[in-house]
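Raw contents of run_20.tsv, TSV, C-alpha atoms:
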```tsv
chain	number	residue	atom	x	y	z
A	4	MET	CA	0.00	0.00	0.00
A	5	SER	CA	1.36	3.41	-0.90
A	6	ILE	CA	1.49	6.30	1.55
A	7	GLY	CA	-1.15	8.07	-0.55
A	8	GLN	CA	-3.51	5.09	-0.30
A	9	PHE	CA	-2.89	4.80	3.43
A	10	LEU	CA	-3.65	8.49	3.99
A	11	ALA	CA	-6.78	8.29	1.83
A	12	GLU	CA	-8.07	5.40	3.96
A	13	LEU	CA	-7.05	7.18	7.15
A	14	TRP	CA	-8.94	10.36	6.24
A	15	ALA	CA	-11.99	8.39	5.07
A	16	PHE	CA	-12.15	6.61	8.45
A	17	GLU	CA	-11.92	9.87	10.34
A	18	ASP	CA	-15.16	11.09	8.78
A	19	GLY	CA	-16.91	8.45	10.89
A	20	CYS	CA	-15.06	9.30	14.11
A	21	PRO	CA	-14.15	12.99	14.01
A	22	ASP	CA	-12.99	12.95	17.65
A	23	LEU	CA	-10.17	10.61	16.64
A	24	THR	CA	-8.54	12.86	14.08
A	25	PRO	CA	-4.75	12.51	14.53
A	26	SER	CA	-4.19	16.23	14.12
A	27	ASP	CA	-6.64	17.02	16.92
A	28	PHE	CA	-4.99	14.92	19.59
A	29	HIS	CA	-1.40	14.67	18.45
A	30	PHE	CA	-0.42	17.80	16.53
A	31	PHE	CA	-2.31	20.71	17.97
A	32	GLY	CA	-1.34	20.28	21.63
A	33	PRO	CA	2.41	20.29	21.02
A	34	LEU	CA	2.07	22.96	18.34
A	35	LYS	CA	0.06	25.17	20.70
A	36	ARG	CA	2.74	24.75	23.38
A	37	HIS	CA	5.47	25.57	20.87
A	38	LEU	CA	3.76	28.72	19.61
A	39	GLY	CA	2.60	29.85	23.05
A	40	GLY	CA	3.69	33.40	23.78
A	41	MET	CA	5.07	34.03	20.29
A	42	ALA	CA	3.93	36.97	18.20
A	43	PHE	CA	4.33	37.25	14.44
A	44	GLU	CA	4.50	40.46	12.47
A	45	THR	CA	3.48	38.83	9.20
A	46	GLU	CA	1.76	35.71	7.97
A	47	ASP	CA	5.04	34.75	6.30
A	48	ASP	CA	6.75	34.83	9.71
A	49	LEU	CA	4.13	32.45	11.09
A	50	ILE	CA	4.42	30.13	8.10
A	51	SER	CA	8.20	30.11	8.47
A	52	GLU	CA	7.94	29.16	12.14
A	53	LEU	CA	5.40	26.41	11.35
A	54	ARG	CA	7.68	24.97	8.67
A	55	ASN	CA	10.61	25.11	11.06
A	56	TRP	CA	8.61	23.29	13.75
A	57	PHE	CA	7.47	20.54	11.37
A	58	ASP	CA	10.94	20.17	9.83
A	59	ASN	CA	12.49	19.63	13.29
A	60	LEU	CA	10.03	17.03	14.55
A	61	ASP	CA	11.67	13.72	15.33
A	62	VAL	CA	10.45	10.59	13.55
A	63	ASP	CA	9.35	9.26	16.94
A	64	PHE	CA	6.80	12.08	17.19
A	65	PHE	CA	5.00	10.60	14.19
A	66	ARG	CA	5.53	6.99	15.29
A	67	VAL	CA	3.96	7.64	18.69
A	68	GLY	CA	1.00	9.44	17.12
A	69	ILE	CA	0.31	6.70	14.59
A	70	ASN	CA	0.75	3.88	17.11
A	71	SER	CA	-1.64	5.49	19.58
A	72	LEU	CA	-4.34	5.56	16.91
A	73	LEU	CA	-4.66	1.80	17.07
A	74	SER	CA	-5.98	1.68	20.62
A	75	ARG	CA	-8.07	4.83	20.18
A	76	TRP	CA	-9.74	3.48	17.06
A	77	GLN	CA	-10.27	0.08	18.66
A	78	ASN	CA	-12.07	1.79	21.56
A	79	CYS	CA	-14.29	3.61	19.07
A	80	ILE	CA	-15.09	0.34	17.28
A	81	ASP	CA	-15.73	-1.56	20.53
A	82	LEU	CA	-18.13	1.16	21.70
A	83	HIS	CA	-19.88	1.34	18.30
A	84	GLY	CA	-18.71	4.89	17.62
A	85	ASP	CA	-19.60	6.29	21.05
A	86	TYR	CA	-15.96	6.87	22.04
A	87	VAL	CA	-15.05	10.39	23.06
A	88	GLU	CA	-11.86	11.05	24.99
A	89	LYS	CA	-12.40	13.23	28.05
```
Please express the file's structure as structure tokens.
Amino acid sequence: MSIGQFLAELWAFEDGCPDLTPSDFHFFGPLKRHLGGMAFETEDDLISELRNWFDNLDVDFFRVGINSLLSRWQNCIDLHGDYVEK
């Protein structure tokens, strides 16, 4: 399976369980902490900082996020879609 096919299946699944979107639980928390207290004069400055942050993420950041999806999705399946993390 190609990465493109994997991502297409991943995004299709998320439509059924929007509370399990990887970006919601894995990206935005660390990104919010990283950007906390920063101010940007231009949109280009913000985009540059975002690119820098993504470029410097360790491969383990992605591995942990993807691996944690397995148990989260299984909980959603076991509870017939009623899973919401609190």
With all atoms listed in the file as the counted atoms, please give the residues lying no more than 12 Å from segment 46-55 of chain A, apart from itself and same-chain residues fewer than 6 positions off, as a PyMOL selection string. chain A and resi 30-31+33-35+37-38
Centre and edge lengths of an axis-aligned box around all listed atoms of segment 32-51 of chain A, with 6 Å added on each side, are to be given in Å to one decimal, as JSON.
```
{"center_x": 3.4, "center_y": 30.4, "center_z": 15.0, "size_x": 21.5, "size_y": 32.2, "size_z": 29.5}
```
The distance between atom CA of Cys79 of chain A and atom CA of Leu60 of chain A is 28.1 Å
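Atom CA of Phe57 of chain A sits 13.6 Å away from atom CA of Arg36 of chain A.
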Need the neighbours of (5.3, 11.9, 19.5): which residues are at most 12 Å away, counting all atoms listed in the file, as a ChimeraX atom specification? /A:25-26,28-34,60-72
Please fill the gaps in segment 69-84 of chain A so it has N, CA, C and O atoms, and write that as a PDB file, in the frame of the given file.
```
ATOM      1  N   ILE A  69       0.938   7.750  15.402  1.00  0.00           N
ATOM      2  CA  ILE A  69       0.310   6.700  14.590  1.00  0.00           C
ATOM      3  C   ILE A  69       0.018   5.472  15.437  1.00  0.00           C
ATOM      4  O   ILE A  69      -1.070   4.892  15.361  1.00  0.00           O
ATOM      5  N   ASN A  70       0.965   5.067  16.275  1.00  0.00           N
ATOM      6  CA  ASN A  70       0.750   3.880  17.110  1.00  0.00           C
ATOM      7  C   ASN A  70      -0.384   4.070  18.103  1.00  0.00           C
ATOM      8  O   ASN A  70      -1.104   3.127  18.413  1.00  0.00           O
ATOM      9  N   SER A  71      -0.559   5.274  18.613  1.00  0.00           N
ATOM     10  CA  SER A  71      -1.640   5.490  19.580  1.00  0.00           C
ATOM     11  C   SER A  71      -3.004   5.467  18.917  1.00  0.00           C
ATOM     12  O   SER A  71      -4.016   5.267  19.592  1.00  0.00           O
ATOM     13  N   LEU A  72      -3.052   5.636  17.606  1.00  0.00           N
ATOM     14  CA  LEU A  72      -4.340   5.560  16.910  1.00  0.00           C
ATOM     15  C   LEU A  72      -4.961   4.185  17.017  1.00  0.00           C
ATOM     16  O   LEU A  72      -6.187   4.057  17.076  1.00  0.00           O
ATOM     17  N   LEU A  73      -4.127   3.157  17.040  1.00  0.00           N
ATOM     18  CA  LEU A  73      -4.660   1.800  17.070  1.00  0.00           C
ATOM     19  C   LEU A  73      -5.585   1.573  18.248  1.00  0.00           C
ATOM     20  O   LEU A  73      -6.711   1.094  18.087  1.00  0.00           O
ATOM     21  N   SER A  74      -5.143   1.911  19.442  1.00  0.00           N
ATOM     22  CA  SER A  74      -5.980   1.680  20.620  1.00  0.00           C
ATOM     23  C   SER A  74      -7.166   2.636  20.650  1.00  0.00           C
ATOM     24  O   SER A  74      -8.266   2.268  21.056  1.00  0.00           O
ATOM     25  N   ARG A  75      -6.964   3.869  20.201  1.00  0.00           N
ATOM     26  CA  ARG A  75      -8.070   4.830  20.180  1.00  0.00           C
ATOM     27  C   ARG A  75      -9.160   4.382  19.215  1.00  0.00           C
ATOM     28  O   ARG A  75     -10.344   4.453  19.511  1.00  0.00           O
ATOM     29  N   TRP A  76      -8.756   3.939  18.032  1.00  0.00           N
ATOM     30  CA  TRP A  76      -9.740   3.480  17.060  1.00  0.00           C
ATOM     31  C   TRP A  76     -10.420   2.211  17.537  1.00  0.00           C
ATOM     32  O   TRP A  76     -11.616   2.019  17.327  1.00  0.00           O
ATOM     33  N   GLN A  77      -9.663   1.315  18.165  1.00  0.00           N
ATOM     34  CA  GLN A  77     -10.270   0.080  18.660  1.00  0.00           C
ATOM     35  C   GLN A  77     -11.332   0.398  19.709  1.00  0.00           C
ATOM     36  O   GLN A  77     -12.390  -0.217  19.734  1.00  0.00           O
ATOM     37  N   ASN A  78     -11.068   1.374  20.582  1.00  0.00           N
ATOM     38  CA  ASN A  78     -12.070   1.790  21.560  1.00  0.00           C
ATOM     39  C   ASN A  78     -13.320   2.304  20.866  1.00  0.00           C
ATOM     40  O   ASN A  78     -14.448   1.991  21.279  1.00  0.00           O
ATOM     41  N   CYS A  79     -13.154   3.077  19.822  1.00  0.00           N
ATOM     42  CA  CYS A  79     -14.290   3.610  19.070  1.00  0.00           C
ATOM     43  C   CYS A  79     -15.103   2.466  18.459  1.00  0.00           C
ATOM     44  O   CYS A  79     -16.331   2.458  18.529  1.00  0.00           O
ATOM     45  N   ILE A  80     -14.421   1.499  17.896  1.00  0.00           N
ATOM     46  CA  ILE A  80     -15.090   0.340  17.280  1.00  0.00           C
ATOM     47  C   ILE A  80     -15.817  -0.473  18.354  1.00  0.00           C
ATOM     48  O   ILE A  80     -16.984  -0.835  18.192  1.00  0.00           O
ATOM     49  N   ASP A  81     -15.136  -0.757  19.461  1.00  0.00           N
ATOM     50  CA  ASP A  81     -15.730  -1.560  20.530  1.00  0.00           C
ATOM     51  C   ASP A  81     -16.986  -0.910  21.114  1.00  0.00           C
ATOM     52  O   ASP A  81     -17.904  -1.591  21.544  1.00  0.00           O
ATOM     53  N   LEU A  82     -16.995   0.423  21.130  1.00  0.00           N
ATOM     54  CA  LEU A  82     -18.130   1.160  21.700  1.00  0.00           C
ATOM     55  C   LEU A  82     -19.100   1.622  20.615  1.00  0.00           C
ATOM     56  O   LEU A  82     -19.944   2.484  20.869  1.00  0.00           O
ATOM     57  N   HIS A  83     -18.975   1.050  19.416  1.00  0.00           N
ATOM     58  CA  HIS A  83     -19.880   1.340  18.300  1.00  0.00           C
ATOM     59  C   HIS A  83     -19.943   2.832  17.983  1.00  0.00           C
ATOM     60  O   HIS A  83     -21.021   3.395  17.743  1.00  0.00           O
ATOM     61  N   GLY A  84     -18.800   3.493  18.000  1.00  0.00           N
ATOM     62  CA  GLY A  84     -18.710   4.890  17.620  1.00  0.00           C
ATOM     63  C   GLY A  84     -18.994   5.872  18.739  1.00  0.00           C
ATOM     64  O   GLY A  84     -18.972   7.076  18.510  1.00  0.00           O
TER      65      GLY A  84
END
```
